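Asks: So here's query_6.txt (compact mmCIF, C-alpha atoms).
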```
# COMPACT_ATOMS: atom_id res chain seq x y z
CA MET S 28 76.12 -30.60 -227.05
CA LYS S 29 77.77 -32.60 -224.26
CA TYR S 30 81.50 -32.86 -224.01
CA SER S 31 83.85 -35.17 -222.13
CA ARG S 32 87.47 -36.18 -222.39
CA THR S 33 86.78 -39.15 -224.60
CA HIS S 34 83.81 -38.28 -226.74
CA VAL S 35 81.53 -35.67 -228.20
CA THR S 36 77.80 -36.31 -228.25
CA ILE S 37 75.93 -34.86 -231.21
CA ARG S 38 72.18 -34.95 -231.83
CA LEU S 39 71.09 -35.24 -235.45
CA ILE S 40 67.44 -34.86 -236.41
CA CYS S 41 66.86 -36.04 -239.96
CA THR S 42 69.78 -34.12 -241.38
CA GLY S 43 70.75 -36.84 -243.84
CA VAL S 44 74.35 -36.13 -242.92
CA SER S 45 76.77 -39.02 -242.55
CA ILE S 46 79.50 -38.35 -239.99
CA LEU S 47 82.48 -40.57 -239.28
CA THR S 48 85.42 -39.40 -237.18
CA PHE S 49 87.58 -40.90 -234.52
CA ASN S 50 86.18 -41.62 -231.07
CA ILE S 51 82.91 -39.83 -231.63
CA THR S 52 79.59 -40.98 -230.23
CA LEU S 53 76.71 -40.29 -232.60
CA LEU S 54 73.06 -40.15 -231.65
CA THR S 55 70.78 -40.56 -234.63
CA VAL S 56 67.02 -40.82 -234.88
CA ALA S 57 65.96 -44.30 -236.05
CA ALA S 58 64.13 -44.59 -239.39
CA CYS S 59 64.41 -40.85 -239.87
CA GLY S 60 61.97 -39.55 -242.43
CA LYS S 61 60.40 -42.97 -242.90
CA ASP S 62 57.96 -43.34 -240.05
CA ASN S 63 58.89 -40.38 -237.81
CA ALA S 64 60.12 -42.79 -235.12
CA THR S 65 61.51 -41.07 -232.06
CA SER S 66 63.71 -43.83 -230.65
CA VAL S 67 67.38 -42.95 -230.51
CA ALA S 68 70.29 -45.38 -231.02
CA ALA S 69 73.84 -44.61 -229.93
CA VAL S 70 76.85 -45.82 -231.89
CA THR S 71 80.57 -45.26 -231.66
CA ALA S 72 82.98 -45.13 -234.58
CA GLN S 73 86.55 -46.09 -233.71
CA PRO S 74 89.60 -45.09 -235.72
CA PRO S 75 90.35 -47.70 -238.38
CA ALA S 76 93.33 -49.95 -237.79
CA PRO S 77 96.06 -50.02 -240.43
CA LYS S 78 95.07 -52.59 -243.02
CA LEU S 79 97.29 -55.51 -243.91
CA THR S 80 97.81 -57.00 -247.35
CA LEU S 81 98.13 -60.59 -248.49
CA ASP S 82 98.67 -62.16 -251.89
CA VAL S 83 95.69 -64.52 -251.75
CA ALA S 84 96.04 -65.25 -255.48
CA ALA S 85 99.53 -66.64 -254.95
CA ILE S 86 98.52 -68.65 -251.88
CA ASP S 87 95.45 -70.17 -253.53
CA ARG S 88 96.63 -70.35 -257.14
CA GLU S 89 97.21 -74.11 -257.21
CA ARG S 90 93.90 -75.05 -255.56
CA ILE S 91 91.99 -72.53 -257.70
CA LEU S 92 93.36 -73.88 -260.96
CA LYS S 93 92.84 -77.47 -259.88
CA ALA S 94 89.17 -76.81 -259.14
CA ALA S 95 88.66 -74.69 -262.25
CA ASN S 96 90.27 -77.21 -264.58
CA ALA S 97 88.04 -79.91 -263.12
CA ALA S 98 85.02 -77.66 -263.71
CA LEU S 99 85.95 -77.26 -267.38
CA VAL S 100 84.93 -80.85 -268.10
CA ILE S 101 81.76 -81.25 -266.02
CA GLU S 102 78.28 -81.56 -267.47
CA PRO S 103 75.90 -78.64 -266.94
CA ILE S 104 74.18 -78.69 -263.55
CA THR S 105 70.42 -78.35 -263.10
CA ILE S 106 67.91 -79.06 -260.34
CA THR S 107 65.49 -80.39 -262.96
CA LYS S 108 67.54 -83.56 -263.15
CA TYR S 109 66.18 -84.52 -259.72
CA ARG S 110 62.45 -84.77 -259.18
CA ALA S 111 61.35 -84.25 -255.57
CA GLN S 112 58.43 -86.62 -255.07
CA LEU S 113 57.10 -84.82 -251.98
CA SER S 114 57.31 -81.32 -253.44
CA GLU S 115 54.13 -79.37 -254.06
CA GLY S 116 55.99 -77.33 -256.67
CA GLY S 117 57.01 -78.00 -260.25
CA LEU S 118 60.13 -79.41 -261.87
CA ASN S 119 61.89 -76.02 -261.88
CA ASP S 120 61.12 -75.22 -258.24
CA PHE S 121 63.81 -75.76 -255.64
CA TYR S 122 62.87 -78.22 -252.90
CA SER S 123 64.50 -79.39 -249.69
CA ASN S 124 63.56 -80.79 -246.29
CA GLY S 125 64.24 -79.30 -242.87
CA ASP S 126 67.58 -80.61 -241.64
CA TYR S 127 66.60 -81.73 -238.18
CA TRP S 128 63.24 -83.34 -238.95
CA TRP S 129 62.76 -87.10 -238.86
CA PRO S 130 59.91 -89.56 -239.40
CA ASP S 131 57.92 -90.21 -236.24
CA PRO S 132 58.77 -93.83 -235.31
CA THR S 133 55.45 -94.19 -233.52
CA LYS S 134 53.44 -93.56 -236.71
CA PRO S 135 53.05 -96.14 -239.51
CA ASP S 136 53.74 -93.54 -242.21
CA GLY S 137 56.13 -91.49 -240.06
CA LEU S 138 53.93 -88.39 -240.40
CA PRO S 139 54.10 -85.73 -239.27
CA TYR S 140 57.87 -85.53 -238.92
CA ILE S 141 59.35 -84.72 -235.50
CA GLN S 142 62.33 -82.51 -234.66
CA ARG S 143 65.71 -83.66 -233.32
CA ASP S 144 67.71 -80.44 -232.96
CA GLY S 145 71.23 -80.58 -234.32
CA GLU S 146 70.86 -84.02 -235.88
CA SER S 147 70.71 -83.81 -239.67
CA ASN S 148 68.55 -86.48 -241.27
CA PRO S 149 70.67 -88.15 -243.99
CA ASN S 150 67.57 -89.52 -245.72
CA ASN S 151 65.99 -86.14 -246.41
CA PHE S 152 65.76 -84.92 -250.01
CA SER S 153 69.00 -83.03 -250.62
CA GLN S 154 69.64 -83.32 -254.36
CA HIS S 155 68.65 -79.73 -255.13
CA ARG S 156 70.88 -78.42 -252.37
CA LEU S 157 73.79 -80.47 -253.66
CA ALA S 158 73.18 -79.29 -257.22
CA LEU S 159 73.19 -75.69 -256.03
CA ARG S 160 76.37 -76.23 -254.05
CA ASP S 161 78.10 -77.96 -256.98
CA LEU S 162 77.11 -75.07 -259.24
CA ARG S 163 78.58 -72.60 -256.78
CA ASP S 164 81.78 -74.59 -256.39
CA ALA S 165 82.34 -74.75 -260.14
CA VAL S 166 81.40 -71.17 -261.01
CA ALA S 167 83.39 -69.71 -258.13
CA ALA S 168 86.48 -71.66 -259.16
CA LEU S 169 86.07 -70.58 -262.77
CA GLY S 170 85.65 -66.95 -261.77
CA ALA S 171 88.71 -67.06 -259.54
CA ALA S 172 90.75 -68.79 -262.24
CA TYR S 173 89.84 -66.12 -264.77
CA LYS S 174 90.77 -63.44 -262.25
CA ILE S 175 94.32 -64.79 -261.91
CA THR S 176 94.93 -65.95 -265.49
CA GLY S 177 92.72 -63.90 -267.82
CA ASP S 178 92.02 -67.14 -269.71
CA ASP S 179 88.65 -66.94 -271.49
CA ARG S 180 88.20 -70.72 -271.37
CA TYR S 181 87.08 -70.33 -267.78
CA VAL S 182 84.58 -67.64 -268.72
CA ILE S 183 83.09 -69.65 -271.58
CA LYS S 184 82.52 -72.62 -269.29
CA GLY S 185 81.16 -70.40 -266.54
CA VAL S 186 78.65 -68.85 -268.91
CA GLU S 187 77.50 -72.31 -270.00
CA LEU S 188 76.92 -73.43 -266.43
CA LEU S 189 75.17 -70.20 -265.45
CA ARG S 190 72.90 -70.24 -268.49
CA VAL S 191 71.71 -73.80 -267.89
CA PHE S 192 71.17 -73.38 -264.14
CA PHE S 193 69.51 -69.97 -264.13
CA LEU S 194 68.22 -69.07 -267.59
CA ASP S 195 67.27 -71.90 -269.98
CA THR S 196 63.52 -72.49 -269.78
CA LYS S 197 63.66 -76.26 -269.39
CA THR S 198 66.51 -76.42 -266.90
CA ARG S 199 66.42 -73.15 -264.94
CA MET S 200 65.76 -72.85 -261.26
CA ASN S 201 62.85 -70.51 -260.66
CA PRO S 202 63.80 -67.43 -258.59
CA HIS S 203 62.02 -68.32 -255.36
CA LEU S 204 62.26 -70.78 -252.49
CA LYS S 205 58.61 -71.43 -251.69
CA TYR S 206 59.27 -75.13 -251.12
CA ALA S 207 62.56 -75.04 -249.26
CA GLN S 208 62.98 -76.91 -245.97
CA ALA S 209 59.55 -78.46 -246.15
CA ILE S 210 58.50 -80.72 -243.28
CA PRO S 211 56.50 -83.76 -244.45
CA GLY S 212 53.13 -83.80 -242.76
CA ARG S 213 53.50 -80.23 -241.49
CA THR S 214 54.33 -77.60 -244.14
CA PRO S 215 55.20 -77.48 -247.88
CA GLY S 216 57.97 -74.94 -247.28
CA ARG S 217 59.28 -72.44 -244.74
CA GLY S 218 61.09 -69.14 -244.53
CA THR S 219 63.85 -71.03 -242.75
CA GLY S 220 64.61 -72.67 -246.08
CA ILE S 221 65.97 -69.47 -247.61
CA ILE S 222 69.26 -70.26 -245.90
CA ASP S 223 69.64 -73.01 -248.52
CA THR S 224 70.64 -70.43 -251.13
CA LEU S 225 73.44 -69.05 -248.98
CA HIS S 226 75.66 -71.07 -251.31
CA LEU S 227 74.56 -68.74 -254.10
CA ALA S 228 76.03 -65.72 -252.30
CA GLU S 229 79.40 -66.31 -253.98
CA VAL S 230 77.98 -66.59 -257.50
CA PRO S 231 77.49 -62.82 -258.04
CA LEU S 232 81.14 -62.23 -257.19
CA ALA S 233 82.19 -64.85 -259.74
CA ILE S 234 79.95 -63.17 -262.31
CA GLU S 235 81.50 -59.79 -261.52
CA ALA S 236 84.97 -61.25 -262.07
CA MET S 237 84.09 -62.94 -265.37
CA GLN S 238 81.95 -60.17 -266.84
CA LYS S 239 85.12 -58.22 -267.57
CA SER S 240 85.89 -60.70 -270.35
CA SER S 241 84.66 -60.16 -273.91
CA ALA S 242 83.68 -63.85 -273.82
CA PHE S 243 80.85 -63.04 -271.41
CA PRO S 244 77.82 -62.23 -273.61
CA PRO S 245 76.07 -58.97 -272.55
CA ASP S 246 72.61 -60.53 -272.97
CA VAL S 247 73.50 -63.39 -270.62
CA LEU S 248 74.80 -60.90 -268.07
CA ALA S 249 71.60 -58.88 -268.31
CA ASP S 250 69.44 -61.98 -267.90
CA LEU S 251 71.47 -63.18 -264.92
CA LYS S 252 71.10 -59.81 -263.25
CA GLN S 253 67.36 -60.02 -263.83
CA TRP S 254 67.23 -63.46 -262.21
CA PHE S 255 68.98 -62.20 -259.11
CA ARG S 256 66.86 -59.05 -259.12
CA ASP S 257 63.71 -61.19 -259.21
CA TYR S 258 65.01 -63.50 -256.50
CA VAL S 259 66.04 -60.76 -254.07
CA GLU S 260 62.68 -59.07 -254.65
CA TRP S 261 60.90 -62.32 -253.74
CA MET S 262 63.15 -62.69 -250.71
CA THR S 263 62.33 -59.25 -249.38
CA THR S 264 58.59 -59.18 -250.13
CA SER S 265 57.27 -62.72 -249.67
CA LYS S 266 55.84 -64.09 -246.42
CA ASN S 267 58.62 -66.67 -246.22
CA GLY S 268 61.21 -64.00 -246.82
CA GLN S 269 59.84 -61.68 -244.17
CA GLU S 270 59.88 -64.50 -241.63
CA GLU S 271 63.52 -65.27 -242.37
CA ALA S 272 64.58 -61.62 -242.44
CA ASN S 273 63.22 -61.16 -238.93
CA ALA S 274 64.63 -64.35 -237.42
CA GLY S 275 66.54 -63.56 -234.25
CA ASN S 276 69.56 -65.74 -234.98
CA ASN S 277 72.03 -66.79 -237.67
CA HIS S 278 69.24 -67.20 -240.21
CA ALA S 279 68.64 -63.46 -240.44
CA VAL S 280 72.36 -62.78 -240.82
CA ALA S 281 72.64 -65.38 -243.60
CA PHE S 282 69.53 -63.89 -245.23
CA PHE S 283 71.02 -60.41 -245.42
CA LEU S 284 74.39 -61.67 -246.58
CA GLN S 285 72.54 -63.08 -249.56
CA VAL S 286 70.62 -59.84 -250.06
CA ALA S 287 73.90 -57.93 -249.93
CA THR S 288 75.65 -59.88 -252.69
CA PHE S 289 72.56 -60.18 -254.88
CA ALA S 290 71.75 -56.48 -254.52
CA GLY S 291 75.36 -55.63 -255.13
CA LEU S 292 75.31 -57.42 -258.47
CA VAL S 293 72.22 -55.55 -259.67
CA GLY S 294 73.11 -52.19 -258.12
CA ASP S 295 70.18 -51.96 -255.71
CA GLU S 296 71.48 -49.30 -253.32
CA ALA S 297 68.29 -49.22 -251.25
CA LYS S 298 68.63 -52.88 -250.33
CA LEU S 299 72.33 -52.45 -249.59
CA ALA S 300 71.47 -49.60 -247.24
CA GLU S 301 68.93 -51.80 -245.49
CA CYS S 302 71.61 -54.49 -245.03
CA ARG S 303 73.87 -51.95 -243.34
CA ARG S 304 71.03 -50.77 -241.10
CA ARG S 305 70.24 -54.33 -240.03
CA PHE S 306 73.89 -55.01 -239.23
CA LYS S 307 74.20 -51.97 -236.97
CA GLU S 308 70.76 -51.68 -235.42
CA ILE S 309 69.75 -55.32 -235.09
CA PHE S 310 72.53 -57.87 -235.49
CA ILE S 311 75.09 -56.15 -233.26
CA SER S 312 72.62 -54.75 -230.74
CA ASN S 313 70.19 -57.69 -230.52
CA GLN S 314 72.28 -60.78 -231.22
CA MET S 315 75.72 -60.05 -229.79
CA ALA S 316 76.55 -60.29 -226.08
CA PRO S 317 78.94 -57.86 -224.38
CA ASP S 318 81.78 -60.40 -224.64
CA GLY S 319 81.33 -60.70 -228.43
CA SER S 320 79.59 -64.08 -228.38
CA PHE S 321 76.22 -64.86 -229.93
CA PRO S 322 74.06 -66.37 -227.16
CA ARG S 323 71.41 -67.81 -229.46
CA GLU S 324 74.09 -69.81 -231.25
CA LEU S 325 75.70 -70.92 -227.99
CA ALA S 326 72.34 -72.29 -226.86
CA ARG S 327 72.24 -74.84 -229.68
CA THR S 328 73.38 -78.45 -229.59
CA LYS S 329 76.24 -77.46 -231.92
CA PRO S 330 77.39 -74.18 -230.33
CA TYR S 331 80.93 -74.30 -231.71
CA GLY S 332 79.88 -74.83 -235.32
CA TYR S 333 77.03 -72.35 -235.07
CA SER S 334 79.31 -69.71 -233.55
CA ILE S 335 81.79 -70.16 -236.41
CA PHE S 336 79.00 -70.00 -238.99
CA GLN S 337 77.57 -66.83 -237.47
CA LEU S 338 80.94 -65.10 -237.19
CA ASP S 339 81.87 -65.96 -240.78
CA ASN S 340 78.67 -64.39 -242.08
CA MET S 341 78.84 -61.33 -239.83
CA VAL S 342 82.43 -60.66 -240.90
CA THR S 343 81.56 -61.21 -244.55
CA LEU S 344 78.78 -58.63 -244.25
CA CYS S 345 81.48 -56.17 -243.17
CA GLN S 346 83.61 -57.21 -246.12
CA VAL S 347 80.78 -56.74 -248.62
CA LEU S 348 79.06 -53.67 -247.22
CA SER S 349 81.85 -51.44 -245.91
CA THR S 350 82.59 -48.30 -247.89
CA THR S 351 84.79 -45.27 -247.36
CA LYS S 352 81.71 -43.44 -246.09
CA GLU S 353 80.30 -46.26 -243.96
CA ASN S 354 82.88 -48.59 -242.47
CA LEU S 355 81.24 -51.47 -240.63
CA TRP S 356 84.64 -52.73 -239.48
CA THR S 357 84.96 -49.73 -237.14
CA PHE S 358 81.32 -49.55 -236.07
CA GLU S 359 80.80 -50.09 -232.34
CA LEU S 360 78.04 -49.57 -229.82
CA PRO S 361 78.92 -47.47 -226.75
CA ASP S 362 79.49 -50.67 -224.74
CA GLY S 363 82.16 -51.81 -227.22
CA ARG S 364 80.12 -54.36 -229.12
CA GLY S 365 81.18 -54.57 -232.75
CA ILE S 366 82.76 -56.98 -235.18
CA ARG S 367 86.20 -56.66 -233.59
CA LYS S 368 84.77 -57.87 -230.29
CA ALA S 369 83.10 -60.82 -232.01
CA VAL S 370 86.33 -61.99 -233.65
CA GLU S 371 88.28 -61.50 -230.43
CA PHE S 372 85.82 -63.77 -228.62
CA LEU S 373 86.05 -66.72 -231.00
CA TYR S 374 89.66 -66.49 -232.18
CA PRO S 375 91.22 -68.32 -229.18
CA TYR S 376 88.90 -71.29 -229.75
CA LEU S 377 89.67 -71.38 -233.45
CA ALA S 378 93.37 -71.40 -232.62
CA ASP S 379 92.97 -74.10 -229.93
CA LYS S 380 89.67 -75.96 -229.86
CA SER S 381 90.62 -77.72 -226.64
CA LYS S 382 90.02 -74.44 -224.81
CA TRP S 383 86.34 -74.39 -225.84
CA PRO S 384 84.48 -74.10 -222.51
CA ARG S 385 81.32 -75.91 -223.57
CA LYS S 386 80.48 -79.49 -224.47
CA PRO S 387 81.59 -80.65 -227.93
CA ASP S 388 79.03 -80.27 -230.71
CA ILE S 389 76.88 -83.35 -231.22
CA GLN S 390 77.82 -83.44 -234.91
CA ALA S 391 80.95 -82.57 -236.96
CA TRP S 392 82.93 -81.56 -233.86
CA GLU S 393 86.17 -83.01 -235.20
CA ALA S 394 85.79 -81.33 -238.60
CA TRP S 395 85.83 -77.72 -237.34
CA PRO S 396 87.49 -75.32 -237.85
CA THR S 397 88.48 -75.03 -241.49
CA ARG S 398 90.01 -72.05 -243.25
CA GLN S 399 87.33 -69.67 -241.97
CA PRO S 400 86.90 -66.51 -244.08
CA SER S 401 86.31 -64.50 -240.91
CA LEU S 402 89.99 -64.91 -240.02
CA LEU S 403 91.20 -63.68 -243.40
CA PHE S 404 88.81 -60.77 -243.86
CA ALA S 405 89.04 -59.54 -240.27
CA GLY S 406 92.79 -60.03 -240.21
CA LEU S 407 93.26 -57.84 -243.26
CA ALA S 408 90.72 -55.18 -242.31
CA LEU S 409 91.56 -54.93 -238.61
CA GLY S 410 95.31 -55.27 -238.95
CA GLU S 411 95.54 -58.54 -237.01
CA GLN S 412 98.37 -60.66 -238.40
CA GLN S 413 97.61 -63.53 -236.00
CA TYR S 414 94.23 -64.05 -237.67
CA ILE S 415 95.85 -64.28 -241.09
CA ASP S 416 98.54 -66.65 -239.86
CA LEU S 417 95.90 -69.00 -238.45
CA TRP S 418 93.84 -68.79 -241.65
CA LYS S 419 96.85 -69.93 -243.67
CA LYS S 420 97.35 -72.96 -241.41
CA LEU S 421 93.80 -74.33 -241.60
CA LEU S 422 92.34 -76.75 -244.15
CA PRO S 423 91.09 -74.80 -247.19
CA ASP S 424 88.77 -77.43 -248.66
CA PRO S 425 86.79 -79.36 -246.05
CA THR S 426 85.38 -82.75 -246.99
CA ASN S 427 82.92 -83.21 -244.13
CA ASP S 428 79.38 -82.81 -245.54
CA GLU S 429 78.03 -81.02 -242.48
CA VAL S 430 80.85 -78.48 -242.61
CA ARG S 431 80.54 -77.99 -246.36
CA ARG S 432 76.84 -77.32 -245.89
CA ASN S 433 77.73 -74.47 -243.57
CA VAL S 434 80.51 -72.84 -245.59
CA ALA S 435 79.33 -70.04 -247.86
CA ILE S 436 82.73 -69.07 -249.28
CA THR S 437 84.99 -71.34 -251.30
CA GLN S 438 87.11 -68.76 -253.16
CA PRO S 439 88.08 -65.88 -250.87
CA LEU S 440 90.03 -64.28 -253.72
CA LEU S 441 86.69 -63.23 -255.23
CA TRP S 442 85.83 -61.31 -252.07
CA ILE S 443 89.11 -59.42 -251.65
CA ARG S 444 88.91 -55.84 -252.84
```
Do you think you could lay out the structure here as C-alpha cells?
Replies:
Amino acid sequence: MKYSRTHVTIRLICTGVSILTFNITLLTVAACGKDNATSVAAVTAQPPAPKLTLDVAAIDRERILKAANAALVIEPITITKYRAQLSEGGLNDFYSNGDYWWPDPTKPDGLPYIQRDGESNPNNFSQHRLALRDLRDAVAALGAAYKITGDDRYVIKGVELLRVFFLDTKTRMNPHLKYAQAIPGRTPGRGTGIIDTLHLAEVPLAIEAMQKSSAFPPDVLADLKQWFRDYVEWMTTSKNGQEEANAGNNHAVAFFLQVATFAGLVGDEAKLAECRRRFKEIFISNQMAPDGSFPRELARTKPYGYSIFQLDNMVTLCQVLSTTKENLWTFELPDGRGIRKAVEFLYPYLADKSKWPRKPDIQAWEAWPTRQPSLLFAGLALGEQQYIDLWKKLLPDPTNDEVRRNVAITQPLLWIR
C-alpha cells in the first residue's frame, strides 16, 4: 500500500468488495472476472455533502393538478392513429425521421436527404414522437397527482392510457425502435433514433407511483413490466441499440438513462449495474473535460442547449442510480472530474445566459434555460441552495417545441426519493 497525507491507495484484485470512505483513492481492475482485463482505473470518493430538503409537492401542486385534471378528459393516445407513409414497418411500429435531414434541393425527388446540423426539419414525420410525448405528459401528471392526493381517479385514467398505448393489440406500440430517425433515401432506421423514447423514461416512475393504488390492476402492471422488459432487452441486444449505447456523446447518456428507469421498473439489477459502470468508466472519463464541460456538446451548432441536455441527463443518472452503497453524486476521478464539477461549470450560464462565452445557438437560443432538473436534483444531493433557488425561478413548463423535445422530465416530484 502507498500512503500520503491526503489519500490511501488500495489495490483490489477481483475481491468483489465495495469500498466507500472519505478521501480514499481506489484502484480496481476493470471488468474483473468477466474477461480478465488487466487495465486499472482510478477513482476517488469524496465525503457526501449534507443533503437539503424541499417540498416539491407543495411548490408544484397547482401545476400538477392542472395537468392531471386536463389528462382526465383526453382520448386515449396511440401511434396507430398516424400512418407513416415512408415507414418500412407496420402500423404498430414507431417511426420518425432524423431531425437535421432535409430534401436535397438539387434532386427532383429530394433523395437522398442531406444533413444540416442543428436545423430541425419541420416537415419531417413527427406524429409518433408527439404521441409518445403527449402520453408521457399525461401519465406523468396523473402519477404525480395520485402521489399528492391519493385520488384513484388519476390511477384509473392512467391505466386506461397505458393499456391503449402499450398493451392493446390493435393500438399498442411494439417494443422496438427499428424505424426511428430514418433518413429517406439512405436508411430505414438508425440507432440514433433510440433517443426518441427518452420521453418514456418518466413513465416507469409514474407507474411506480400509481401501482400503490388498489385501482391499478395487477395483470396490467405485469404486462407493462413485460413491455418494458422486452424493450430494454431489444435496446441492449440489437444492432441499433449497440450503436447508440456506444455513441461518444449525449446519445449514449440518454440511452442509459432510459435503460436505468426501464430496468428499475422491472428489477433488472444487472442492467442497473451496467448503467453505473458506464457512468463512472465512460461518461465521466471519456466525455467530460477537466473543467466539467462536455466538449462534444460544445462543438455542436447548439452548444448551450446541448450542454444543458447533457447535464440534465447526467445528473438524472445520479438521481436514479445512486444507492447507499454506490453514491454517484460523490464519485470523482483523481483529477476531480465528477458530477459536481459538471454542474459547477454550467451553473453560472444557467443563472446568467449573457455570460455564455460562445456564439448563441442557431435554434431555440431565447427559450433556454427552463426549470432544469439538474439544478433541483444536484442542489438537493450536493447541498447547494443556490441551485435550488435558481430552479424555483425558472419556467416550469416550456412551450418552445425544440426545448420540449429535449426535456425528459416534466414532473420532478416523481423522481424525488
Asks: Rounded to one decimal, what separation in Å do you get between CA of Trp129 (chain S) and CA of Arg217 (chain S)?
Replies: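 These atoms are spaced 16.2 Å apart.
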Asks: One number please: CA of Thr214 (chain S) to CA of His278 (chain S), in Å, one decimal.
Replies: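 Atom-to-atom, CA of Thr214 (chain S) and CA of His278 (chain S) are spaced 18.6 Å apart.
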Asks: Residues near Ile311 (chain S), anyone? I mean within 9 Å using all atoms listed in the file, not counting same-chain ones fewer than 6 positions away, as a list in words.
Replies: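 Non-adjacent residues within range: Arg305, Glu359, Leu360, Arg364, Gly365 and Ile366 of chain S.
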Asks: Using all atoms listed in the file, which of S:Tyr122, S:Phe310, S:Phe192, S:Trp442 sits nearest Tyr206 (chain S)?
Replies: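 Of all the options, S:Tyr122 lies closest to Tyr206 (chain S).
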Asks: How far is it from CA of Ser123 (chain S) to CA of Val342 (chain S), in Å with one decimal?
Replies: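 If I compute the distance from CA of Ser123 (chain S) to CA of Val342 (chain S), I get 27.4 Å.
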Asks: Put a box with edges along x, y and z around all the listed atoms of region 101-107 of chain S, pad it by 6 Å on each side, then give me its centre and sizes in Å, one decimal, as AutoDock Vina command-line options.
Replies:
```
--center_x 73.6 --center_y -80.0 --center_z -263.9 --size_x 28.3 --size_y 15.2 --size_z 19.1
```
Asks: Can I get N, CA and C atoms for region 111-124 of chain S, as a PDB file, in the first residue's frame?
Replies:
```pdb
ATOM      1  N   ALA S 111     -47.338   6.308 -41.044  1.00  0.00           N
ATOM      2  CA  ALA S 111     -46.144   6.903 -41.636  1.00  0.00           C
ATOM      3  C   ALA S 111     -45.945   6.314 -43.025  1.00  0.00           C
ATOM      4  N   GLN S 112     -46.179   7.100 -44.041  1.00  0.00           N
ATOM      5  CA  GLN S 112     -46.156   6.609 -45.417  1.00  0.00           C
ATOM      6  C   GLN S 112     -44.788   6.091 -45.844  1.00  0.00           C
ATOM      7  N   LEU S 113     -43.711   6.649 -45.300  1.00  0.00           N
ATOM      8  CA  LEU S 113     -42.370   6.246 -45.709  1.00  0.00           C
ATOM      9  C   LEU S 113     -41.786   5.118 -44.860  1.00  0.00           C
ATOM     10  N   SER S 114     -42.519   4.690 -43.845  1.00  0.00           N
ATOM     11  CA  SER S 114     -42.001   3.654 -42.952  1.00  0.00           C
ATOM     12  C   SER S 114     -42.001   2.287 -43.612  1.00  0.00           C
ATOM     13  N   GLU S 115     -40.933   1.530 -43.384  1.00  0.00           N
ATOM     14  CA  GLU S 115     -40.868   0.154 -43.843  1.00  0.00           C
ATOM     15  C   GLU S 115     -41.466  -0.804 -42.814  1.00  0.00           C
ATOM     16  N   GLY S 116     -41.937  -0.276 -41.704  1.00  0.00           N
ATOM     17  CA  GLY S 116     -42.558  -1.097 -40.675  1.00  0.00           C
ATOM     18  C   GLY S 116     -44.062  -1.132 -40.796  1.00  0.00           C
ATOM     19  N   GLY S 117     -44.703  -1.710 -39.779  1.00  0.00           N
ATOM     20  CA  GLY S 117     -46.152  -1.836 -39.761  1.00  0.00           C
ATOM     21  C   GLY S 117     -46.813  -0.729 -38.976  1.00  0.00           C
ATOM     22  N   LEU S 118     -48.126  -0.842 -38.826  1.00  0.00           N
ATOM     23  CA  LEU S 118     -48.917   0.199 -38.174  1.00  0.00           C
ATOM     24  C   LEU S 118     -48.522   0.393 -36.715  1.00  0.00           C
ATOM     25  N   ASN S 119     -48.074  -0.667 -36.058  1.00  0.00           N
ATOM     26  CA  ASN S 119     -47.737  -0.603 -34.634  1.00  0.00           C
ATOM     27  C   ASN S 119     -46.269  -0.282 -34.370  1.00  0.00           C
ATOM     28  N   ASP S 120     -45.516  -0.024 -35.432  1.00  0.00           N
ATOM     29  CA  ASP S 120     -44.089   0.250 -35.284  1.00  0.00           C
ATOM     30  C   ASP S 120     -43.816   1.749 -35.280  1.00  0.00           C
ATOM     31  N   PHE S 121     -43.123   2.195 -34.269  1.00  0.00           N
ATOM     32  CA  PHE S 121     -42.766   3.606 -34.153  1.00  0.00           C
ATOM     33  C   PHE S 121     -41.904   4.026 -35.341  1.00  0.00           C
ATOM     34  N   TYR S 122     -42.150   5.245 -35.843  1.00  0.00           N
ATOM     35  CA  TYR S 122     -41.374   5.769 -36.961  1.00  0.00           C
ATOM     36  C   TYR S 122     -41.111   7.249 -36.749  1.00  0.00           C
ATOM     37  N   SER S 123     -39.909   7.673 -37.125  1.00  0.00           N
ATOM     38  CA  SER S 123     -39.584   9.097 -37.125  1.00  0.00           C
ATOM     39  C   SER S 123     -38.482   9.329 -38.147  1.00  0.00           C
ATOM     40  N   ASN S 124     -38.232  10.597 -38.433  1.00  0.00           N
ATOM     41  CA  ASN S 124     -37.141  10.978 -39.333  1.00  0.00           C
ATOM     42  C   ASN S 124     -36.023  11.651 -38.543  1.00  0.00           C
TER      43      ASN S 124
END
```
